[in-house]
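*Asks:* Dropping the structure in here first, questions after.
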Amino acid sequence: MTLSLHIHGAAGTVTGSCHRLVTPRGTLLVDCGMFQGPKSLRALNYRAFPFAASEIAAVLLTHAHIDHSGLFPKLTLAGFQGRAFATEATRDLLRWLLPDAGAIQEYDVARLNRRNARRAEPEIVPIYTRADAEASLSFIEAQPYDRWFEPLPGVRARLRNAGHILGSAFIEIEVDAAPRSLRLLFSGDVGPLGKTLQPDPARPGHADVALVESTYGSRSRMPMSEANRRAVLGRELEVALAAGGNVVVPVFAVERTQEILEDIAELKRSGKLQGAQVFLDSPLAGRTTEVFRTHRSLLSRSEDGHAFSGGEFRLSETVDQSRAIGRIRAGAIILAGSGMCDAGRVKHHLKDNLWREDSTVLFVGYQAPGTLGALIRGGAAQVRIHGEEIGVRARIRSIDSYTGHADREELVAWCRPMMDELGSLLLVHGEPEGIAGLSDALASAGVERTRIIAPTLDEKFVFVHRDGRWLAMPEGGAAPRLSPETANARRDWHNDYAQMLLDIRGALQA
């Protein structure tokens, strides 16, 4: 059997990470993530996998974010019977994140089916349920950092700290082959230097072929100290509260929430934000915070009492508690998921506050093209939430200092130790401009252009040993489930349809 690699996600787009490695001793997946963004892209989550799940012998998960792990329960439902491997912290986070993803799907599908019933349209079913997700957790085994293990006979793997979120890893894989073994590297998501809670990412060693993320491959950030970052957040929140309304902060349940809570707590201890009510309207974030406490030894500041001080905020567990927040008209800082505004309780808080000129929406993370968050951040005058038209009159602000991704210079520096021996470098997990920017930077750093590849969705590569190097050579593969133009689009016909409805309503009112 020919050694081959198949790119089933995060190709020209940031989400849906899924890479299938076929070896003579079996087939494994690196990541099994959910697509996020425009509905045309998210529709892939409902379609069959482009491979037989029963043929996958092992799965290696880089970290717990849903765009890297969110379709794992679907894989087990489709017939996967092998073993999955992740760090212990990732496994513990997934005990909360995957069932929560299933519950969100059940809730959203139930709401859609009520609407479909009124329209005499067929029912839809969730990709998986909470119970399905809970059942999938039994397949996941924990592995420590920096220790080689065998997910398959003749295939060794090692998890290295990626510095992205708690438990995140880049994965080195070594496959027995002739004339010499093949060493692959899968970056997952690489964290920036100087992150508050995470140590700097470990440096990779030798690699023949590497898949490297390029989320911020076209961006250079000014270095910012922790104190300066906290000061920026404090100024944004003070100005927002002075406007007279509430502040809605869309957050991801893992890492971003914990960092912001800690900074708000420190601001309050220093005498700022006095009188502000801080709400964490995310039961999931509360539970994942407990995982952070359990794995404090992995954090970069585990010795100084980093406990995500519970006295500085109110955790909303129930739906009634969440609705009560919606009745507050001023002075509330509301952290709610999801971070891209496409699901969860944040959509209700946006409905309550977006139309108010005295309220503020503060973005602190990446917004995938086509998501509700991207539309709001991009300046939309109106958006549709739960089928309702909502005017955007609130102050829309964003800060980029809480990112969990390395920028262009940091990615180039991270890749430098493996540049000399690298045969092929595949740029994944990025939009076209991010891929192009990182490609240019890597070429300037000495990587030959011919060795830098931007895969497309479902593209197949075979490994060829030539002139002392292993190369990944494109070899077509199955027909892509989406064209590159659709997969990489910033918005799709669903976005255009929603905008058309808003335009028609405005024209009729006029």
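Scheme for the structure tokens: letters A, B, ... for chains in order shown; per-chain residue numbers from 1; ligand numbers from 1 in order shown.
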With a cut-off of 10 Å, could you pull out the residues of stretch 259-336 of chain A touching stretch 190-196 of chain A and give me the nearest pair of atoms for each, distance in Å to one decimal, using only C-alpha atoms, ordered by chain and ascending number, as a Markdown table?

*Replies:*
```
| residue | atom | partner | partner_atom | distance |
| --- | --- | --- | --- | --- |
| A:Glu259 | CA | A:Thr196 | CA | 7.1 |
| A:Glu262 | CA | A:Thr196 | CA | 9.9 |
| A:Asp263 | CA | A:Thr196 | CA | 9.9 |
| A:Leu299 | CA | A:Thr196 | CA | 8.7 |
| A:Ser300 | CA | A:Thr196 | CA | 7.2 |
| A:Arg301 | CA | A:Thr196 | CA | 7.9 |
```

*Asks:* Just the selected residues (N, CA, C and O atoms), exported as a compact mmCIF listing (two decimals), in the first residue's frame, please.

*Replies:*
```
# COMPACT_ATOMS: atom_id res chain seq x y z
N GLU A 259 -8.78 33.68 30.75
CA GLU A 259 -7.86 34.82 30.70
C GLU A 259 -8.58 36.13 31.00
O GLU A 259 -8.10 36.97 31.76
N GLU A 262 -9.68 36.48 34.64
CA GLU A 262 -8.56 36.80 35.53
C GLU A 262 -8.17 38.26 35.39
O GLU A 262 -7.86 38.94 36.38
N ASP A 263 -8.20 38.78 34.15
CA ASP A 263 -7.84 40.19 33.97
C ASP A 263 -8.90 41.11 34.58
O ASP A 263 -8.57 42.16 35.16
N LEU A 299 0.00 25.10 33.61
CA LEU A 299 -0.10 26.52 33.29
C LEU A 299 1.22 27.22 33.59
O LEU A 299 2.00 26.79 34.44
N SER A 300 1.44 28.33 32.91
CA SER A 300 2.72 29.01 33.05
C SER A 300 2.84 29.74 34.37
O SER A 300 3.94 30.11 34.77
N ARG A 301 1.71 29.96 35.08
CA ARG A 301 1.77 30.66 36.36
C ARG A 301 1.03 29.87 37.42
O ARG A 301 0.27 30.41 38.21
```

*Asks:* Residues within 8 Å of A:Phe85, please, as a ChimeraX atom specification. Count only C-alpha atoms; anything in the same chain fewer than 6 positions from it doesn't count.

*Replies:* /A:58-61,140-143,151

*Asks:* Check the DSSP output for the backbone and give back, as an MDAnalysis selection string, the residues of stretch 184-299 of chain A in strand (DSSP E).

*Replies:* chainID A and resid 184:186 209:213 247:250 277:281

*Asks:* Take the residues from that selection and write them out as a compact mmCIF listing (two decimals), in the first residue's frame, keeping C-alpha atoms.

*Replies:*
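Produced file part-v1.txt, reproduced below:
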```txt
# COMPACT_ATOMS: atom_id res chain seq x y z
CA LEU A 184 5.64 13.96 9.76
CA LEU A 185 4.61 16.94 11.86
CA PHE A 186 1.04 18.18 12.39
CA VAL A 209 6.80 16.74 5.80
CA ALA A 210 4.97 19.27 7.97
CA LEU A 211 1.41 20.53 8.06
CA VAL A 212 1.45 23.99 9.61
CA GLU A 213 -1.45 26.23 10.57
CA VAL A 247 -21.14 45.09 27.38
CA VAL A 248 -21.57 41.77 25.58
CA VAL A 249 -18.32 39.81 25.14
CA PRO A 250 -18.63 36.70 22.93
CA GLN A 277 -21.64 43.39 37.44
CA VAL A 278 -19.72 40.61 35.68
CA PHE A 279 -21.63 37.59 34.44
CA LEU A 280 -20.27 34.39 32.96
CA ASP A 281 -23.34 33.10 31.14
```

*Asks:* Rounded to one decimal in Å, what is the spacing between atom CA of A:Val30 and atom CA of A:Thr257?

*Replies:*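 Atom CA of A:Thr257 lies at a distance of 26.5 Å from atom CA of A:Val30.
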
*Asks:* Write out as CSV a residue-level contact list of stretch 308-374 of chain A versus stretch 487-494 of chain A with cut-off 12 Å: for each qualifying residue the closest pair of atoms and the distance in Å to one decimal, counting only C-alpha atoms, rows sorted by chain and residue number upward.

*Replies:*
```
residue,atom,partner,partner_atom,distance
A:Gln367,CA,A:Arg490,CA,10.8
A:Ala368,CA,A:Arg490,CA,8.2
A:Pro369,CA,A:Arg490,CA,4.6
A:Gly370,CA,A:Arg491,CA,4.7
A:Thr371,CA,A:Arg491,CA,8.4
A:Leu372,CA,A:Arg491,CA,10.7
A:Ala374,CA,A:Arg490,CA,9.2
```

*Asks:* For stretch 164-168 of chain A, work out the shell of residues within 7 Å, counting only C-alpha atoms and skipping chain neighbours fewer than 4 positions away, then give it as a list in words.

*Replies:* Thr62, His63, Thr87, Ala89, Thr90, Asp189, Val190, Gly191, Gln198, Glu255, Gly404 and His405 of chain A

*Asks:* Limited to C-alpha atoms, could you put the picked residues into a file as a PDB file, in the first residue's frame?

*Replies:*
```pdb
ATOM      1  CA  THR A  62      -4.311  17.950  18.824  1.00  0.00           C
ATOM      2  CA  HIS A  63      -6.610  19.793  21.243  1.00  0.00           C
ATOM      3  CA  THR A  87      -3.273  14.667  26.292  1.00  0.00           C
ATOM      4  CA  ALA A  89      -6.063  17.788  29.817  1.00  0.00           C
ATOM      5  CA  THR A  90      -7.583  17.567  26.326  1.00  0.00           C
ATOM      6  CA  ASP A 189      -2.794  25.332  16.452  1.00  0.00           C
ATOM      7  CA  VAL A 190       0.448  26.982  17.568  1.00  0.00           C
ATOM      8  CA  GLY A 191       0.191  29.474  20.410  1.00  0.00           C
ATOM      9  CA  GLN A 198       0.319  28.825  28.583  1.00  0.00           C
ATOM     10  CA  GLU A 255      -8.838  29.634  27.704  1.00  0.00           C
ATOM     11  CA  GLY A 404      -4.351  31.939  20.978  1.00  0.00           C
ATOM     12  CA  HIS A 405      -2.543  31.829  17.619  1.00  0.00           C
TER      13      HIS A 405
END
```

*Asks:* Quick one: everything within 12 Å of A:Gly82, counting only C-alpha atoms, minus sequence neighbours fewer than 3 positions away in the same chain. Send it as a ChimeraX atom specification.

*Replies:* /A:26-29,53-60,72,75-76,79,85,136,138-141,151-152

*Asks:* Write out as a PyMOL selection string the residues lying within 6 Å of stretch 112-128 of chain A, counting only C-alpha atoms and excluding same-chain residues fewer than 6 positions away.

*Replies:* chain A and resi 46+102+105-106

*Asks:* Can I get the selected residues back with C-alpha atoms, as an mmCIF file, in the first residue's frame?

*Replies:*
```
data_model
loop_
_atom_site.group_PDB
_atom_site.id
_atom_site.type_symbol
_atom_site.label_atom_id
_atom_site.label_comp_id
_atom_site.auth_asym_id
_atom_site.auth_seq_id
_atom_site.Cartn_x
_atom_site.Cartn_y
_atom_site.Cartn_z
ATOM 1 C CA TYR A 46 -24.105 16.678 8.133
ATOM 2 C CA GLY A 102 -24.349 17.514 21.185
ATOM 3 C CA GLN A 105 -27.304 20.507 18.225
ATOM 4 C CA GLU A 106 -30.347 18.966 19.905
#
```
